[in-house]
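File shown here: query_19.tsv, holding TSV, C-alpha atoms and all ligand atoms.
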chain	number	residue	atom	x	y	z
E	44	MET	CA	-8.62	4.95	28.92
E	45	THR	CA	-8.74	1.16	28.75
E	46	GLU	CA	-7.37	-0.31	25.58
E	47	LEU	CA	-9.73	-2.28	23.42
E	48	ARG	CA	-8.52	-5.15	21.29
E	49	ARG	CA	-9.62	-6.65	18.03
E	50	PRO	CA	-12.37	-7.56	17.23
E	51	THR	CA	-14.02	-5.31	19.77
E	52	SER	CA	-15.08	-1.92	18.60
E	53	PRO	CA	-12.51	0.84	19.08
E	54	ALA	CA	-15.16	3.46	19.82
E	55	THR	CA	-18.74	3.51	21.02
E	56	ALA	CA	-20.92	0.52	20.28
E	57	SER	CA	-22.96	2.64	17.90
E	58	GLY	CA	-19.91	3.38	15.74
E	59	LEU	CA	-19.27	6.34	13.49
E	60	ARG	CA	-21.71	8.52	11.59
E	61	VAL	CA	-19.87	9.84	8.55
E	62	GLU	CA	-21.33	13.05	7.13
E	63	ALA	CA	-18.98	13.53	4.19
E	64	VAL	CA	-16.04	11.88	2.46
E	65	GLU	CA	-13.40	13.89	0.65
E	66	LEU	CA	-11.64	12.04	-2.18
E	67	ARG	CA	-8.33	13.71	-2.94
E	68	ARG	CA	-5.96	12.76	-5.68
E	69	ILE	CA	-2.37	13.83	-5.37
E	70	ALA	CA	0.60	13.36	-7.72
E	71	ILE	CA	3.79	12.99	-5.73
E	72	PRO	CA	7.13	12.59	-7.54
E	73	LEU	CA	9.43	9.70	-6.59
E	74	VAL	CA	13.07	10.56	-5.82
E	75	ALA	CA	14.11	8.07	-8.55
E	76	PRO	CA	12.22	5.94	-11.07
E	77	PHE	CA	11.18	2.55	-9.62
E	78	ARG	CA	11.29	-0.25	-12.18
E	79	THR	CA	9.73	-3.67	-11.66
E	80	SER	CA	8.91	-6.55	-14.00
E	81	PHE	CA	5.51	-4.90	-14.61
E	82	GLY	CA	6.58	-1.33	-15.37
E	83	VAL	CA	8.30	1.89	-14.33
E	84	GLU	CA	6.91	4.30	-11.73
E	85	ARG	CA	8.14	7.92	-11.81
E	86	GLN	CA	5.52	9.48	-9.61
E	87	ARG	CA	2.84	8.14	-7.35
E	88	ASP	CA	-0.79	8.92	-8.19
E	89	VAL	CA	-2.40	8.56	-4.77
E	90	LEU	CA	-6.07	8.56	-3.81
E	91	LEU	CA	-6.57	9.81	-0.25
E	92	VAL	CA	-9.86	9.11	1.51
E	93	HIS	CA	-10.72	11.66	4.18
E	94	VAL	CA	-13.82	10.91	6.24
E	95	LEU	CA	-15.56	13.60	8.24
E	96	GLY	CA	-17.79	12.13	10.90
E	97	ASN	CA	-19.77	13.00	14.01
E	98	ALA	CA	-16.84	12.02	16.22
E	99	GLY	CA	-14.05	13.56	14.14
E	100	GLU	CA	-12.08	12.86	11.00
E	101	GLY	CA	-9.91	10.08	9.61
E	102	TRP	CA	-7.56	9.41	6.72
E	103	GLY	CA	-7.10	6.45	4.45
E	104	GLU	CA	-4.67	5.87	1.58
E	105	CYS	CA	-5.61	3.79	-1.42
E	106	VAL	CA	-2.64	1.77	-2.67
E	107	ALA	CA	-4.03	1.17	-6.17
E	108	MET	CA	-1.53	2.48	-8.70
E	109	GLU	CA	-2.12	4.66	-11.72
E	110	GLU	CA	-2.32	1.68	-14.09
E	111	PRO	CA	-3.58	-1.89	-13.46
E	112	LEU	CA	-0.15	-3.54	-13.81
E	113	TYR	CA	0.58	-4.93	-10.34
E	114	SER	CA	-3.01	-6.14	-10.01
E	115	SER	CA	-6.35	-5.40	-11.67
E	116	GLU	CA	-7.11	-2.36	-9.51
E	117	TYR	CA	-6.02	1.16	-10.46
E	118	ALA	CA	-6.54	4.58	-8.94
E	119	ASP	CA	-9.27	5.91	-11.26
E	120	GLY	CA	-11.18	2.64	-10.99
E	121	ALA	CA	-10.86	2.58	-7.21
E	122	GLN	CA	-12.16	6.13	-6.96
E	123	ARG	CA	-15.11	5.29	-9.19
E	124	VAL	CA	-15.98	2.21	-7.12
E	125	ILE	CA	-15.71	4.15	-3.88
E	126	GLU	CA	-17.96	6.95	-5.13
E	127	GLU	CA	-20.56	4.87	-6.88
E	128	HIS	CA	-20.67	1.57	-5.02
E	129	LEU	CA	-19.03	1.75	-1.59
E	130	LEU	CA	-20.06	5.13	-0.19
E	131	PRO	CA	-23.79	4.72	-1.03
E	132	ARG	CA	-23.79	1.47	0.96
E	133	LEU	CA	-21.98	3.05	3.88
E	134	PHE	CA	-24.19	6.13	3.87
E	135	ALA	CA	-27.24	3.85	3.88
E	136	GLN	CA	-26.25	2.98	7.48
E	137	ASP	CA	-26.90	5.56	10.15
E	138	HIS	CA	-23.98	4.79	12.44
E	139	LEU	CA	-21.48	2.14	11.42
E	140	ASP	CA	-18.72	0.54	13.42
E	141	VAL	CA	-15.44	-0.08	11.56
E	142	THR	CA	-15.68	-3.80	12.33
E	143	ASP	CA	-18.89	-3.85	10.25
E	144	VAL	CA	-17.53	-1.94	7.24
E	145	ALA	CA	-16.22	-5.05	5.44
E	146	ARG	CA	-19.54	-6.87	5.97
E	147	VAL	CA	-21.56	-3.96	4.56
E	148	LEU	CA	-19.25	-3.82	1.53
E	149	ALA	CA	-19.06	-7.60	1.03
E	150	PRO	CA	-21.78	-7.72	-1.70
E	151	ILE	CA	-19.36	-5.75	-3.91
E	152	ARG	CA	-16.95	-8.31	-5.35
E	153	GLY	CA	-13.24	-7.65	-5.25
E	154	HIS	CA	-12.02	-4.03	-5.29
E	155	ARG	CA	-10.10	-4.73	-2.12
E	156	MET	CA	-7.78	-1.75	-2.39
E	157	ALA	CA	-10.77	0.56	-2.67
E	158	LYS	CA	-12.45	-1.10	0.32
E	159	ALA	CA	-9.23	-1.03	2.34
E	160	ALA	CA	-8.81	2.72	1.85
E	161	VAL	CA	-12.32	3.46	3.10
E	162	GLU	CA	-12.04	1.07	6.04
E	163	MET	CA	-8.69	2.60	6.99
E	164	ALA	CA	-10.18	6.10	7.13
E	165	TRP	CA	-13.07	4.79	9.26
E	166	LEU	CA	-10.64	3.03	11.57
E	167	ASP	CA	-8.48	6.14	11.93
E	168	ALA	CA	-11.52	8.30	12.73
E	169	GLN	CA	-12.89	5.88	15.34
E	170	LEU	CA	-9.51	5.30	16.98
E	171	ARG	CA	-8.76	9.04	17.10
E	172	SER	CA	-12.03	9.69	18.84
E	173	ALA	CA	-11.35	6.81	21.24
E	174	GLY	CA	-7.81	8.13	21.88
E	175	GLN	CA	-6.27	4.78	20.96
E	176	SER	CA	-3.40	4.09	18.59
E	177	LEU	CA	-3.81	1.72	15.65
E	178	ALA	CA	-0.77	-0.19	16.91
E	179	ALA	CA	-2.35	-0.80	20.32
E	180	TYR	CA	-5.68	-1.70	18.74
E	181	LEU	CA	-4.13	-4.26	16.40
E	182	GLY	CA	-2.08	-5.83	19.20
E	183	ALA	CA	1.41	-4.50	18.47
E	184	THR	CA	4.17	-5.86	20.68
E	185	ARG	CA	7.05	-3.58	19.57
E	186	THR	CA	7.67	0.16	19.51
E	187	SER	CA	9.85	0.10	16.39
E	188	VAL	CA	10.18	-2.21	13.39
E	189	GLU	CA	13.11	-3.53	11.37
E	190	CYS	CA	13.20	-2.18	7.83
E	191	GLY	CA	14.28	-3.50	4.50
E	192	VAL	CA	14.29	-1.79	1.14
E	193	SER	CA	13.02	-2.86	-2.26
E	194	VAL	CA	15.54	-2.11	-5.01
E	195	GLY	CA	14.22	-1.69	-8.54
E	196	ILE	CA	15.57	-3.14	-11.77
E	197	MET	CA	18.45	-0.94	-12.94
E	198	ASP	CA	19.98	-0.15	-16.32
E	199	SER	CA	23.33	-1.67	-15.32
E	200	ILE	CA	25.03	-3.77	-12.63
E	201	PRO	CA	27.29	-0.87	-11.44
E	202	GLN	CA	24.17	1.24	-10.91
E	203	LEU	CA	22.63	-1.57	-8.87
E	204	LEU	CA	25.74	-2.00	-6.69
E	205	ASP	CA	25.73	1.73	-6.10
E	206	ALA	CA	22.09	1.75	-5.01
E	207	VAL	CA	22.47	-1.30	-2.74
E	208	GLY	CA	25.64	0.17	-1.21
E	209	THR	CA	23.87	3.41	-0.39
E	210	TYR	CA	20.94	1.65	1.26
E	211	LEU	CA	23.25	-0.56	3.33
E	212	GLU	CA	25.15	2.53	4.48
E	213	GLN	CA	21.85	4.08	5.50
E	214	GLY	CA	21.26	1.06	7.73
E	215	TYR	CA	18.61	-1.00	5.94
E	216	ARG	CA	18.53	-4.47	7.46
E	217	ARG	CA	17.49	-6.37	4.36
E	218	ILE	CA	17.78	-5.88	0.61
E	219	LYS	CA	15.10	-7.00	-1.84
E	220	LEU	CA	16.08	-7.08	-5.49
E	221	LYS	CA	13.38	-6.81	-8.11
E	222	VAL	CA	14.01	-9.47	-10.76
E	223	GLU	CA	12.65	-10.53	-14.13
E	224	PRO	CA	13.83	-12.89	-16.88
E	225	GLY	CA	17.16	-11.44	-18.04
E	226	TRP	CA	17.77	-9.62	-14.72
E	227	ASP	CA	18.05	-12.33	-12.06
E	228	LEU	CA	21.08	-14.63	-11.54
E	229	GLU	CA	23.63	-12.03	-12.61
E	230	PRO	CA	22.50	-9.14	-10.37
E	231	VAL	CA	21.96	-11.49	-7.41
E	232	ARG	CA	25.41	-13.05	-7.87
E	233	THR	CA	27.14	-9.68	-8.08
E	234	VAL	CA	25.36	-8.27	-5.04
E	235	ARG	CA	26.28	-11.39	-3.07
E	236	GLU	CA	29.93	-11.14	-4.16
E	237	HIS	CA	30.23	-7.42	-3.51
E	238	PHE	CA	28.77	-7.12	-0.02
E	239	PRO	CA	29.36	-8.98	3.26
E	240	SER	CA	27.96	-12.52	3.11
E	241	GLY	CA	25.76	-11.90	6.14
E	242	ILE	CA	23.45	-9.36	4.52
E	243	LEU	CA	19.82	-10.44	4.30
E	244	LEU	CA	18.88	-10.72	0.64
E	245	GLN	CA	15.69	-11.70	-1.18
E	246	VAL	CA	14.15	-11.27	-4.62
E	247	ASP	CA	10.72	-10.29	-5.96
E	248	ALA	CA	9.61	-11.28	-9.49
E	249	ASN	CA	6.09	-9.80	-9.48
E	250	ALA	CA	4.79	-12.86	-11.30
E	251	ALA	CA	7.25	-12.61	-14.22
E	252	TYR	CA	8.05	-16.36	-14.56
E	253	THR	CA	6.21	-19.58	-15.39
E	254	LEU	CA	6.55	-23.04	-13.93
E	255	ALA	CA	8.68	-23.92	-16.99
E	256	ASP	CA	11.34	-21.66	-15.40
E	257	ALA	CA	11.56	-23.88	-12.29
E	258	ASP	CA	15.10	-25.12	-12.97
E	259	HIS	CA	16.28	-21.60	-13.74
E	260	LEU	CA	14.77	-20.34	-10.46
E	261	ALA	CA	16.42	-23.23	-8.60
E	262	ALA	CA	19.77	-21.76	-9.66
E	263	LEU	CA	19.01	-18.97	-7.16
E	264	ASP	CA	19.36	-21.53	-4.33
E	265	GLN	CA	23.16	-21.10	-4.33
E	266	PHE	CA	22.82	-17.47	-3.15
E	267	ASP	CA	21.22	-18.14	0.25
E	268	LEU	CA	18.23	-15.92	-0.30
E	269	LEU	CA	15.68	-15.44	2.48
E	270	LEU	CA	12.91	-16.05	-0.03
E	271	ILE	CA	11.65	-15.68	-3.60
E	272	GLU	CA	8.58	-13.45	-3.72
E	273	GLN	CA	5.74	-14.14	-6.17
E	274	PRO	CA	7.66	-15.86	-8.97
E	275	LEU	CA	4.52	-17.04	-10.84
E	276	PRO	CA	1.15	-15.54	-11.79
E	277	GLN	CA	-1.33	-14.51	-9.09
E	278	GLU	CA	-3.88	-17.27	-9.80
E	279	GLU	CA	-1.36	-20.13	-9.94
E	280	LEU	CA	-1.30	-21.49	-6.40
E	281	LEU	CA	-0.80	-25.08	-7.50
E	282	ALA	CA	2.12	-24.10	-9.76
E	283	HIS	CA	3.73	-22.37	-6.76
E	284	ALA	CA	3.28	-25.56	-4.73
E	285	LYS	CA	5.00	-27.52	-7.50
E	286	LEU	CA	7.79	-24.95	-7.75
E	287	ALA	CA	8.33	-25.16	-3.97
E	288	LYS	CA	9.26	-28.82	-4.46
E	289	VAL	CA	11.97	-27.92	-7.01
E	290	VAL	CA	13.57	-24.89	-5.33
E	291	ARG	CA	15.10	-24.93	-1.87
E	292	THR	CA	14.67	-21.17	-1.33
E	293	PRO	CA	11.39	-20.47	0.52
E	294	ILE	CA	8.52	-19.23	-1.66
E	295	CYS	CA	6.77	-16.08	-0.40
E	296	LEU	CA	3.49	-14.93	-1.91
E	297	ASP	CA	2.42	-11.33	-2.45
E	298	GLU	CA	-0.07	-10.85	-5.34
E	299	SER	CA	-1.71	-14.27	-4.80
E	300	ILE	CA	-2.74	-13.59	-1.21
E	301	VAL	CA	-5.92	-11.53	-1.59
E	302	SER	CA	-7.70	-12.67	1.60
E	303	ALA	CA	-7.40	-14.72	4.78
E	304	ALA	CA	-9.22	-17.55	2.98
E	305	VAL	CA	-6.67	-17.63	0.15
E	306	ALA	CA	-3.82	-17.39	2.67
E	307	THR	CA	-5.13	-20.52	4.38
E	308	GLU	CA	-5.45	-22.38	1.07
E	309	ALA	CA	-1.98	-21.35	-0.09
E	310	ILE	CA	-0.37	-22.50	3.16
E	311	GLU	CA	-2.26	-25.79	3.27
E	312	MET	CA	-1.37	-26.52	-0.39
E	313	GLY	CA	2.29	-25.82	0.24
E	314	ALA	CA	2.29	-22.92	-2.23
E	315	CYS	CA	4.25	-20.71	0.17
E	316	SER	CA	6.09	-20.84	3.48
E	317	VAL	CA	6.23	-17.06	4.03
E	318	ILE	CA	3.61	-14.37	3.36
E	319	ASN	CA	4.01	-10.71	2.43
E	320	ILE	CA	1.04	-8.92	4.02
E	321	LYS	CA	-0.18	-5.78	2.27
E	322	PRO	CA	-3.36	-4.44	3.84
E	323	GLY	CA	-4.56	-2.82	0.61
E	324	ARG	CA	-4.26	-6.06	-1.35
E	325	VAL	CA	-6.38	-8.00	1.18
E	326	GLY	CA	-9.15	-5.44	1.76
E	327	GLY	CA	-7.90	-3.69	4.87
E	328	TYR	CA	-6.02	-3.73	8.16
E	329	LEU	CA	-8.58	-5.94	9.92
E	330	GLU	CA	-8.26	-8.68	7.27
E	331	ALA	CA	-4.47	-8.17	7.34
E	332	ALA	CA	-4.45	-8.73	11.11
E	333	GLN	CA	-6.48	-11.92	10.62
E	334	ILE	CA	-3.90	-13.18	8.14
E	335	HIS	CA	-1.21	-12.36	10.69
E	336	ASP	CA	-3.09	-14.43	13.28
E	337	LEU	CA	-3.68	-17.45	11.07
E	338	CYS	CA	-0.04	-17.44	9.98
E	339	LEU	CA	1.08	-17.22	13.61
E	340	ALA	CA	-1.09	-20.23	14.46
E	341	ARG	CA	0.52	-22.19	11.59
E	342	GLN	CA	4.05	-20.93	12.29
E	343	VAL	CA	4.29	-19.20	8.91
E	344	PRO	CA	6.38	-16.03	9.26
E	345	VAL	CA	5.05	-12.84	7.69
E	346	TRP	CA	6.46	-9.44	6.76
E	347	CYS	CA	4.87	-6.17	5.80
E	348	GLY	CA	4.97	-5.27	2.13
E	349	GLY	CA	4.63	-1.82	0.67
E	350	MET	CA	3.09	-0.05	-2.31
E	351	LEU	CA	5.22	3.11	-2.26
E	352	GLU	CA	2.86	4.64	0.30
E	353	THR	CA	2.95	8.19	1.58
E	354	GLY	CA	3.31	8.80	5.31
E	355	VAL	CA	-0.41	8.09	5.76
E	356	GLY	CA	-0.27	4.49	4.56
E	357	ARG	CA	3.24	4.04	5.96
E	358	ALA	CA	2.11	4.99	9.48
E	359	ALA	CA	-0.52	2.26	9.43
E	360	ASN	CA	1.83	-0.30	7.85
E	361	VAL	CA	4.43	0.31	10.54
E	362	ALA	CA	1.76	-0.21	13.23
E	363	LEU	CA	0.79	-3.53	11.61
E	364	ALA	CA	4.44	-4.59	11.27
E	365	ALA	CA	4.78	-4.26	15.06
E	366	LEU	CA	2.64	-7.39	15.58
E	367	PRO	CA	4.50	-10.44	16.91
E	368	ASN	CA	4.54	-12.69	13.82
E	369	PHE	CA	6.13	-10.04	11.60
E	370	LEU	CA	9.41	-11.92	11.89
E	371	LEU	CA	11.20	-10.57	8.81
E	372	PRO	CA	12.11	-6.96	8.00
E	373	GLY	CA	9.45	-5.33	5.82
E	374	ASP	CA	9.37	-3.06	2.78
E	375	THR	CA	8.57	-0.27	5.24
E	376	SER	CA	11.36	2.05	4.18
E	377	ALA	CA	11.92	5.63	5.31
E	378	SER	CA	10.08	8.50	3.60
E	379	ASP	CA	13.27	9.71	1.88
E	380	ARG	CA	13.59	6.42	-0.02
E	381	TYR	CA	10.46	7.50	-1.92
E	382	PHE	CA	9.80	11.25	-1.70
E	383	ARG	CA	11.66	14.50	-1.29
E	384	GLN	CA	8.70	15.83	0.68
E	385	ASP	CA	6.21	13.43	2.31
E	386	ILE	CA	2.67	14.49	3.18
E	387	THR	CA	3.23	13.80	6.90
E	388	ALA	CA	6.25	14.35	9.10
E	389	PRO	CA	8.87	12.09	7.50
E	390	PHE	CA	9.51	8.55	8.70
E	391	ILE	CA	13.23	8.44	9.46
E	392	LEU	CA	15.42	5.36	9.63
E	393	GLU	CA	17.18	5.00	12.97
E	394	ASP	CA	19.51	2.06	13.34
E	395	GLY	CA	17.66	0.29	10.53
E	396	ARG	CA	14.28	0.77	12.19
E	397	LEU	CA	11.22	2.99	12.01
E	398	ALA	CA	9.41	4.07	15.17
E	399	VAL	CA	5.81	2.88	15.49
E	400	PRO	CA	3.48	5.89	15.81
E	401	SER	CA	1.89	5.95	19.26
E	402	GLY	CA	-0.62	8.80	18.88
E	403	PRO	CA	-4.36	8.19	18.42
E	404	GLY	CA	-5.45	6.52	15.17
E	405	ILE	CA	-2.69	6.18	12.59
E	406	GLY	CA	-0.71	8.58	14.78
E	407	VAL	CA	0.45	11.05	12.13
E	408	GLU	CA	-0.97	14.37	10.93
E	409	VAL	CA	-1.49	15.19	7.28
E	410	LEU	CA	0.39	18.33	6.18
E	411	ARG	CA	-2.52	20.15	4.53
E	412	ASP	CA	-0.36	22.71	2.70
E	413	VAL	CA	1.79	19.99	1.17
E	414	VAL	CA	-1.28	17.99	0.14
E	415	ASP	CA	-2.90	21.11	-1.35
E	416	GLY	CA	0.22	21.74	-3.42
E	417	LEU	CA	0.18	18.19	-4.82
E	418	THR	CA	-3.58	17.91	-5.38
E	419	THR	CA	-4.72	17.03	-8.89
E	420	SER	CA	-8.44	16.64	-8.06
E	421	ARG	CA	-10.78	16.88	-5.11
E	422	ARG	CA	-14.36	15.74	-4.67
E	423	VAL	CA	-16.57	15.77	-1.63
E	424	VAL	CA	-19.33	13.19	-1.41
E	425	ARG	CA	-21.98	14.03	1.21
E	426	ARG	CA	-24.53	11.92	3.00
E	427	VAL	CA	-28.00	12.75	1.75
E	428	GLY	CA	-30.70	12.88	4.43
E	501	LIG	O1	5.64	-6.21	-5.32
E	501	LIG	O2	6.20	-5.57	-3.40
E	501	LIG	C1	5.85	-5.30	-4.55
E	501	LIG	C2	5.95	-1.52	-5.07
E	501	LIG	C3	4.79	-1.33	-5.80
E	501	LIG	C4	4.04	-2.43	-6.14
E	501	LIG	C5	4.41	-3.70	-5.76
E	501	LIG	C6	5.57	-3.89	-5.00
E	501	LIG	C7	6.36	-2.78	-4.68
E	501	LIG	C8	7.63	-2.88	-3.97
E	501	LIG	C9	8.10	-1.66	-3.20
E	501	LIG	O3	8.35	-3.85	-3.99
E	501	LIG	C10	7.63	-1.70	-1.79
E	501	LIG	C11	7.78	-0.38	-1.10
E	501	LIG	O4	8.91	0.02	-0.84
E	501	LIG	O5	6.76	0.27	-0.80
E	502	MG	MG	5.95	-8.01	-4.22

Please, can you express the file's structure as structure tokens?
Amino acid sequence: MTELRRPTSPATASGLRVEAVELRRIAIPLVAPFRTSFGVERQRDVLLVHVLGNAGEGWGECVAMEEPLYSSEYADGAQRVIEEHLLPRLFAQDHLDVTDVARVLAPIRGHRMAKAAVEMAWLDAQLRSAGQSLAAYLGATRTSVECGVSVGIMDSIPQLLDAVGTYLEQGYRRIKLKVEPGWDLEPVRTVREHFPSGILLQVDANAAYTLADADHLAALDQFDLLLIEQPLPQEELLAHAKLAKVVRTPICLDESIVSAAVATEAIEMGACSVINIKPGRVGGYLEAAQIHDLCLARQVPVWCGGMLETGVGRAANVALAALPNFLLPGDTSASDRYFRQDITAPFILEDGRLAVPSGPGIGVEVLRDVVDGLTTSRRVVRRVG
């Protein structure tokens, strides 16, 4: 089979006719609590979107979390929007190609994580029926990707050193420390002092600071960090541009980058010199790939973020991270960093890397028994007529 490339359709020109969409909610416990500046996560409440179409099935994972703390979306809200606003518009089309999904859903403002989950399921279904992997479709140039790990805020410095030490032993190529006011210079200093000076280190504030903290953040410059991720609020692009003039450490944006259009504005304003790409945050893998392309053209390196995904979302993230301008290790950690039992075959770290799935679609199979055991609700929405 000849490989098709973006933005050509992965399947037939007429696209996919979806007959039904199963919305599954699962509650999957994390191996350890994950604390950030916005809250503590003990288990992941995941919405899975399972499309059943004329040419087969596909899976999508919605990255919206249980509560609207990282961004305004949350799992219950995403499910409601999918059921009441997205699916009726999609079912109003007879056949629909995945490259037209975003256009059909464009009248609905925002709700990008909800849209991304539906588009991902569509993409998986069409690629499976075409026998093409997501990695090949997106234009991946590697068969494995370098992995970092995001380390939560801990109760004490010894606990942090313990966690970082364990991850380094496991082979992670880059450490990201979650920071917030009161947990920043001290943990970064101790980690730097404790481990070999060559380790790749960066921090993520999840918007916990203000521009008034610029001098304080500049004190991080002495620690040779790869980048500071999202120090200021999501909407404050100009403040990030001003901060970038005060700190030497590169500014990377996560929450702020909600689309290719915003990515372009942020880069041109000087608000960031690195971008964390999360497909859910930007409305899907096709928009994510566009951001990759525009960053490549402007020589802005990108890396693949994470939202504590199960194997379903992880498979697709790893495929995306195999594109050429993903120049920094991502938050694409192994399954066992998150879950005792994943809902797909586990992603395993080998020499600090995860293998890019090469099978059709997202390239992994959902373990139905495991999903059944974790299911908290299930609804099937059918096409009428
Ligand atoms: O800001 O990158 C973030 C997890 C949930 C929500 C936001 C973020 C994160 C992480 C962990 O940092 C990334 C991962 O390992 O999936
Ligand atoms: Mg982040």

Padding 6 Å on every side, please: axis-aligned box over the listed atoms of range 73-81 of chain E, centre and edge lengths to one decimal in Å, as JSON.
{"center_x": 9.8, "center_y": 2.0, "center_z": -10.2, "size_x": 20.6, "size_y": 29.1, "size_z": 20.8}

Q) With all atoms listed in the file as the basis for distance, which of E:Glu104, E:Glu116, E:Asp374, E:Glu229 is at the shortest distance from ligand LIG 501 (chain E)? A) E:Asp374

Q: Counting all atoms listed in the file, name the residues that have an atom within 7 Å of an atom of ligand LIG 501 (chain E); the answer should be given as a PyMOL selection string.
A: chain E and resi 113+192-193+247+249+297+348-352+374-376

Q: Could you give me, as an NGL selection string, every polymer residue with an atom at most 12 Å away from an atom of ligand MG 502 (chain E), counting only C-alpha atoms and all ligand atoms?
A: :E and (79-81 or 113-114 or 192-195 or 219-222 or 245-251 or 270-277 or 294-300 or 318-321 or 324 or 346-351 or 373-374)

Mind dumping the selected residues with C-alpha atoms as an mmCIF file, keeping the file's coordinate frame?
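Ended up saving to selection34.cif:
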data_model
loop_
_atom_site.group_PDB
_atom_site.id
_atom_site.type_symbol
_atom_site.label_atom_id
_atom_site.label_comp_id
_atom_site.auth_asym_id
_atom_site.auth_seq_id
_atom_site.Cartn_x
_atom_site.Cartn_y
_atom_site.Cartn_z
ATOM 1 C CA THR E 79 9.730 -3.670 -11.660
ATOM 2 C CA SER E 80 8.910 -6.550 -14.000
ATOM 3 C CA PHE E 81 5.510 -4.900 -14.610
ATOM 4 C CA TYR E 113 0.580 -4.930 -10.340
ATOM 5 C CA SER E 114 -3.010 -6.140 -10.010
ATOM 6 C CA VAL E 192 14.290 -1.790 1.140
ATOM 7 C CA SER E 193 13.020 -2.860 -2.260
ATOM 8 C CA VAL E 194 15.540 -2.110 -5.010
ATOM 9 C CA GLY E 195 14.220 -1.690 -8.540
ATOM 10 C CA LYS E 219 15.100 -7.000 -1.840
ATOM 11 C CA LEU E 220 16.080 -7.080 -5.490
ATOM 12 C CA LYS E 221 13.380 -6.810 -8.110
ATOM 13 C CA VAL E 222 14.010 -9.470 -10.760
ATOM 14 C CA GLN E 245 15.690 -11.700 -1.180
ATOM 15 C CA VAL E 246 14.150 -11.270 -4.620
ATOM 16 C CA ASP E 247 10.720 -10.290 -5.960
ATOM 17 C CA ALA E 248 9.610 -11.280 -9.490
ATOM 18 C CA ASN E 249 6.090 -9.800 -9.480
ATOM 19 C CA ALA E 250 4.790 -12.860 -11.300
ATOM 20 C CA ALA E 251 7.250 -12.610 -14.220
ATOM 21 C CA LEU E 270 12.910 -16.050 -0.030
ATOM 22 C CA ILE E 271 11.650 -15.680 -3.600
ATOM 23 C CA GLU E 272 8.580 -13.450 -3.720
ATOM 24 C CA GLN E 273 5.740 -14.140 -6.170
ATOM 25 C CA PRO E 274 7.660 -15.860 -8.970
ATOM 26 C CA LEU E 275 4.520 -17.040 -10.840
ATOM 27 C CA PRO E 276 1.150 -15.540 -11.790
ATOM 28 C CA GLN E 277 -1.330 -14.510 -9.090
ATOM 29 C CA ILE E 294 8.520 -19.230 -1.660
ATOM 30 C CA CYS E 295 6.770 -16.080 -0.400
ATOM 31 C CA LEU E 296 3.490 -14.930 -1.910
ATOM 32 C CA ASP E 297 2.420 -11.330 -2.450
ATOM 33 C CA GLU E 298 -0.070 -10.850 -5.340
ATOM 34 C CA SER E 299 -1.710 -14.270 -4.800
ATOM 35 C CA ILE E 300 -2.740 -13.590 -1.210
ATOM 36 C CA ILE E 318 3.610 -14.370 3.360
ATOM 37 C CA ASN E 319 4.010 -10.710 2.430
ATOM 38 C CA ILE E 320 1.040 -8.920 4.020
ATOM 39 C CA LYS E 321 -0.180 -5.780 2.270
ATOM 40 C CA ARG E 324 -4.260 -6.060 -1.350
ATOM 41 C CA TRP E 346 6.460 -9.440 6.760
ATOM 42 C CA CYS E 347 4.870 -6.170 5.800
ATOM 43 C CA GLY E 348 4.970 -5.270 2.130
ATOM 44 C CA GLY E 349 4.630 -1.820 0.670
ATOM 45 C CA MET E 350 3.090 -0.050 -2.310
ATOM 46 C CA LEU E 351 5.220 3.110 -2.260
ATOM 47 C CA GLY E 373 9.450 -5.330 5.820
ATOM 48 C CA ASP E 374 9.370 -3.060 2.780
#

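Interatomic distance, CA of Gln169 in chain E against CA of Leu329 in chain E: 13.7 Å.
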
Q: Counting all atoms listed in the file, write as a PyMOL selection string all protein and nucleic acid residues lying at most 9 Å from (-9.1, 9.6, 6.0) in the file's frame.
A: chain E and resi 64-66+91-95+100-104+160-161+163-168+355

Q.
I'd like the interatomic distance between CA of Gly153 in chain E and CA of Cys315 in chain E, to a tenth of an Å.
A.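 These two atoms are separated by 22.5 Å.
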
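You will find CA of Ser316 in chain E at 26.8 Å from CA of Ala358 in chain E.
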
Q | Closest of E:Leu228, E:Leu177, E:Leu339, E:Ala388 to Leu370 in chain E - atom-to-atom distances counting all atoms listed in the file | A | E:Leu339

(Q) At a cut-off of 12 Å, using only C-alpha atoms, what residues contact Leu203 in chain E? Leave out same-chain residues fewer than 3 positions from it and give the result as an NGL selection string. (A) :E and (78 or 193-200 or 206-210 or 218-222 or 226 or 229-235 or 237)

**Q.** Pick from E:Ser401, E:Asn360, E:Thr292, E:Thr353 nearest to Gln384 in chain E, counting all atoms listed in the file
**A.**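 Nearest candidate to Gln384 in chain E out of E:Ser401, E:Asn360, E:Thr292, E:Thr353: E:Thr353.
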
Q) Which of these residues is nearest to Glu162 in chain E, using only C-alpha atoms: E:Gly99, E:Gly406, E:Gly326, E:Pro224? A) E:Gly326

Q: Kindly provide, as a list in words, the polymer residues lying within 12 Å of (12.3, -29.7, -14.9), counting all atoms listed in the file and using the coordinates exactly as they appear in the file.
A: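 Residues with an atom at most 12 Å from (12.3, -29.7, -14.9): Thr253, Leu254, Ala255, Asp256, Ala257, Asp258, His259, Leu260, Ala261, Lys285, Leu286, Lys288, Val289 and Val290 of chain E.
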
Q. Out of E:Ile151, E:Ala183, E:Leu397, E:Leu244, which residue has the shortest atom-to-atom distance to Val124 in chain E when counting all atoms listed in the file?
A.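 Among the listed residues, the smallest separation from Val124 in chain E belongs to E:Ile151.
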
(Q) Need the shell around range 130-141 of chain E: protein/DNA/RNA residues with any atom at most 6 Å away, counting all atoms listed in the file. Skip same-chain ones fewer than 5 positions apart. Format as a ChimeraX atom specification? (A) /E:57-60,125,165-166,426
